[in-house]
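Please read the structure below before turning to the comments.
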Amino acid sequence: MTADIHDISVTVNGTSYRRQVEGRLLLSDFIRHDLLLAGTHVGCEHGVCGACTIIFDGAAVRSCLMFAAQADGHDIMTVEGLAPDHERLHPLQQAMRECHGLQCGYCTPGILMTMKVFLEENPAPDEAQIREALSGNLCRCTGYQHIVEAVQLAAERLRK
Amino acid sequence: MKPAPFRYIAARSLDQALRLKAEWGDEARFLAGGQSLVPTMNFRLTQPAALIDINPLAELSGLRNGGRLLSIGALTRYRMLERDPKVGRHLPLIAEALPHIAHPQIRNRGTIGGNLAHADPASEMPAIVVALGGRLRAQSLRGERWIDAADFFVGALTTALHADEMLTEVELPAVPQRTGCCFMEVSRRRGDFAMIGVACTLQVDESGRCAAARIALCNAGDGPVFAAEASQSLVGRAIGAADIKEAADLVQRAIDPGGSIHASKEFQRHLAGVLTGRALAAANERARRDR
């Protein structure tokens, strides 16, 4: 079989990239290995853990369940696009830091990207809604309590 | 890179996608949301020679209200159904089941057609379209045909679709008057596959007697199980606790769950009885309220 190569053009965190990718290259691996944006973590690679969650055309999705070729012409945001600059953190990141919403940090990028969209759509969520929204992201360190508190704090600050 | 090599083709039109499928046959798979297919490819359990990506085909997405019938394009994502008020109004069974279907990120991407064509026996939507008595549109270069949901699911991960056909549309009846619906499932964690799930609809007549009932289960056999005898047993009765108990017993006898390390056959059968009883009681209550 001749190589299955595709030219793609994709916008990630506001920067447009043109690359050649093999059809079977997962979007998660493309983001990490081709674009060298290693903030997107790869946990289970079959859609269970949520560590690889990115924002694809405004929706939080698993990047391990898409192919890079599918991103052609689309808009992506990864955790590297969250903070406004090198000096400041995004309110969600700041709140995670203050509330001890992470220990090992492996699940954190996926949680941040999931919560970013969630808070934009639900600016004043209750605890049950936050837990439901977090259900697709596995964290084995924190027991989630501090993550929930961080999301509540971030929501409060983002509303101001 | 995890999946085995394959040829990726982004479809430009439905016609082109069908032509490619006719050429490649069983060697090719359609790629819709990919939320079930891609994990199996990452494990190399599935190694298609070609993937025909139908995501560019916007005409396959959307929900149309045709009065008594609703039409849902196969590429309609679960998230879209969650946000469409027509679903809550006309398809309350689906509205109730949606939060149980995986997680928000999966629902952002997963499609109703992909879910149905994947035909996982543990999946919620096959049981729901069977309970609703829907029908599915299969298109190929040869033409189109409509398949009753009850005939669509042939076995585990197996459907009545031919190698050159695509499931393009799901047609479901809007909930009629004096009808209650209920979906319930038990899973180990929220968003996990159900150990057992029950979908039912129950219609009462002016006098409050059951005019029609349909009960279907997920993860209770090789595919969605329509509990015909249990459903029929309710018709004509002014439903009380004894009728519900009888129907639940009939459901327990009708199913043949696979059993797993997390839930033995016996436990699944037990759950099926309990959930059927609760779901029927809720549906009956809702139907009476709708009078």
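In the structure tokens, chains take the letters A, B, ... in the order shown, each chain's residues start at 1, and ligands count up from 1 in the order shown.
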
Residue hits in chain A, query chain B, radius 6 Å, only C-alpha atoms, as a count of residues only: 8

Leu26 of chain A surroundings by only C-alpha atoms, 6 Å radius, close-in-sequence under 4 positions cut, as a VMD selection string: chain A and resid 64 66 to 68

Selection: 10 Å around segment 218-229 of chain B, only C-alpha atoms, excl. self and same-chain fewer than 4 positions, as number ranges by chain: B: 119-131, 133, 149-150, 152-159, 185, 193-200, 213-214, 233-234, 247-248, 250-259, 265, 268-269, 272

Output C-alpha atoms for every residue in that selection, as a PDB file, in the first residue's frame.
ATOM      1  CA  ALA B 119     -24.718  -2.211  17.451  1.00  0.00           C
ATOM      2  CA  ASP B 120     -23.118  -2.703  20.832  1.00  0.00           C
ATOM      3  CA  PRO B 121     -25.564  -4.818  22.871  1.00  0.00           C
ATOM      4  CA  ALA B 122     -24.783  -2.743  25.994  1.00  0.00           C
ATOM      5  CA  SER B 123     -25.506   0.540  24.247  1.00  0.00           C
ATOM      6  CA  GLU B 124     -28.615   2.512  25.203  1.00  0.00           C
ATOM      7  CA  MET B 125     -29.778   3.864  21.846  1.00  0.00           C
ATOM      8  CA  PRO B 126     -30.467   0.522  20.104  1.00  0.00           C
ATOM      9  CA  ALA B 127     -32.874  -0.436  22.907  1.00  0.00           C
ATOM     10  CA  ILE B 128     -34.492   2.993  22.697  1.00  0.00           C
ATOM     11  CA  VAL B 129     -35.180   2.912  18.952  1.00  0.00           C
ATOM     12  CA  VAL B 130     -36.580  -0.603  19.401  1.00  0.00           C
ATOM     13  CA  ALA B 131     -38.803   0.533  22.289  1.00  0.00           C
ATOM     14  CA  GLY B 133     -40.669   1.260  17.174  1.00  0.00           C
ATOM     15  CA  ALA B 149     -35.442  -1.083  14.283  1.00  0.00           C
ATOM     16  CA  ALA B 150     -36.495  -4.532  15.511  1.00  0.00           C
ATOM     17  CA  PHE B 152     -31.888  -3.923  12.208  1.00  0.00           C
ATOM     18  CA  PHE B 153     -29.917  -5.461  15.086  1.00  0.00           C
ATOM     19  CA  VAL B 154     -28.888  -8.938  14.028  1.00  0.00           C
ATOM     20  CA  GLY B 155     -26.405  -9.728  16.792  1.00  0.00           C
ATOM     21  CA  ALA B 156     -23.528  -8.319  18.791  1.00  0.00           C
ATOM     22  CA  LEU B 157     -21.850  -5.621  16.647  1.00  0.00           C
ATOM     23  CA  THR B 158     -23.846  -6.915  13.666  1.00  0.00           C
ATOM     24  CA  THR B 159     -26.633  -5.187  11.764  1.00  0.00           C
ATOM     25  CA  GLU B 185     -30.192   1.802  33.906  1.00  0.00           C
ATOM     26  CA  PHE B 193     -21.986   0.966  30.006  1.00  0.00           C
ATOM     27  CA  ALA B 194     -25.152  -0.280  31.649  1.00  0.00           C
ATOM     28  CA  MET B 195     -25.139  -3.603  33.482  1.00  0.00           C
ATOM     29  CA  ILE B 196     -28.810  -3.555  32.488  1.00  0.00           C
ATOM     30  CA  GLY B 197     -30.945  -0.801  31.021  1.00  0.00           C
ATOM     31  CA  VAL B 198     -34.686  -0.673  30.430  1.00  0.00           C
ATOM     32  CA  ALA B 199     -36.558   1.566  27.984  1.00  0.00           C
ATOM     33  CA  CYS B 200     -40.331   1.507  27.966  1.00  0.00           C
ATOM     34  CA  ALA B 213     -46.828  -0.879  25.832  1.00  0.00           C
ATOM     35  CA  ARG B 214     -43.320  -1.529  24.585  1.00  0.00           C
ATOM     36  CA  SER B 233     -49.324  -8.701  28.934  1.00  0.00           C
ATOM     37  CA  LEU B 234     -50.081  -5.127  29.995  1.00  0.00           C
ATOM     38  CA  ALA B 247     -44.519  -8.015  33.311  1.00  0.00           C
ATOM     39  CA  ALA B 248     -41.219  -7.788  35.216  1.00  0.00           C
ATOM     40  CA  LEU B 250     -41.894 -12.091  32.020  1.00  0.00           C
ATOM     41  CA  VAL B 251     -38.962  -9.807  31.187  1.00  0.00           C
ATOM     42  CA  GLN B 252     -36.689 -11.790  33.487  1.00  0.00           C
ATOM     43  CA  ARG B 253     -37.681 -14.992  31.698  1.00  0.00           C
ATOM     44  CA  ALA B 254     -37.319 -13.473  28.215  1.00  0.00           C
ATOM     45  CA  ILE B 255     -33.741 -12.237  28.494  1.00  0.00           C
ATOM     46  CA  ASP B 256     -30.433 -14.043  28.255  1.00  0.00           C
ATOM     47  CA  PRO B 257     -27.796 -11.657  29.585  1.00  0.00           C
ATOM     48  CA  GLY B 258     -24.156 -12.494  28.963  1.00  0.00           C
ATOM     49  CA  GLY B 259     -22.831 -12.027  32.475  1.00  0.00           C
ATOM     50  CA  LYS B 265     -26.146 -13.391  34.708  1.00  0.00           C
ATOM     51  CA  GLN B 268     -28.334  -8.879  35.585  1.00  0.00           C
ATOM     52  CA  ARG B 269     -31.602 -10.815  35.547  1.00  0.00           C
ATOM     53  CA  ALA B 272     -33.818  -6.376  34.797  1.00  0.00           C
TER      54      ALA B 272
END

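For the set B:Ala279, B:Ala174, B:Met184, B:Leu14, the residue with the smallest atom-to-atom gap to Asn65 of chain B is B:Ala174, counting only C-alpha atoms.
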
Picked from segment 56-228 of chain B by DSSP as strand (DSSP E), as a PyMOL selection string: chain B and resi 63-66+69-73+135-140+143-148+153-155+158-159+166-173+179-186+196-204+210-218+225-226

Interatomic distance, atom CA of Val204 of chain B to atom CA of Arg288 of chain B (Å, one decimal):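 Calculated distance between atom CA of Val204 of chain B and atom CA of Arg288 of chain B is 7.0 Å.
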
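For the pair atom CA of Val117 of chain A and atom CA of Arg18 of chain A, the separation is 26.1 Å.
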
Backbone-only DSSP, alpha helix (DSSP H) members of segment 73-222 of chain B, as JSON, numbers by chain: {"B": [78, 79, 80, 81, 82, 83, 85, 86, 87, 88, 89, 90, 92, 93, 94, 95, 96, 97, 104, 105, 106, 107, 108, 109, 112, 113, 114, 115, 116, 117, 118, 124, 125, 126, 127, 128, 129, 130, 131, 132, 149, 150, 151, 152]}
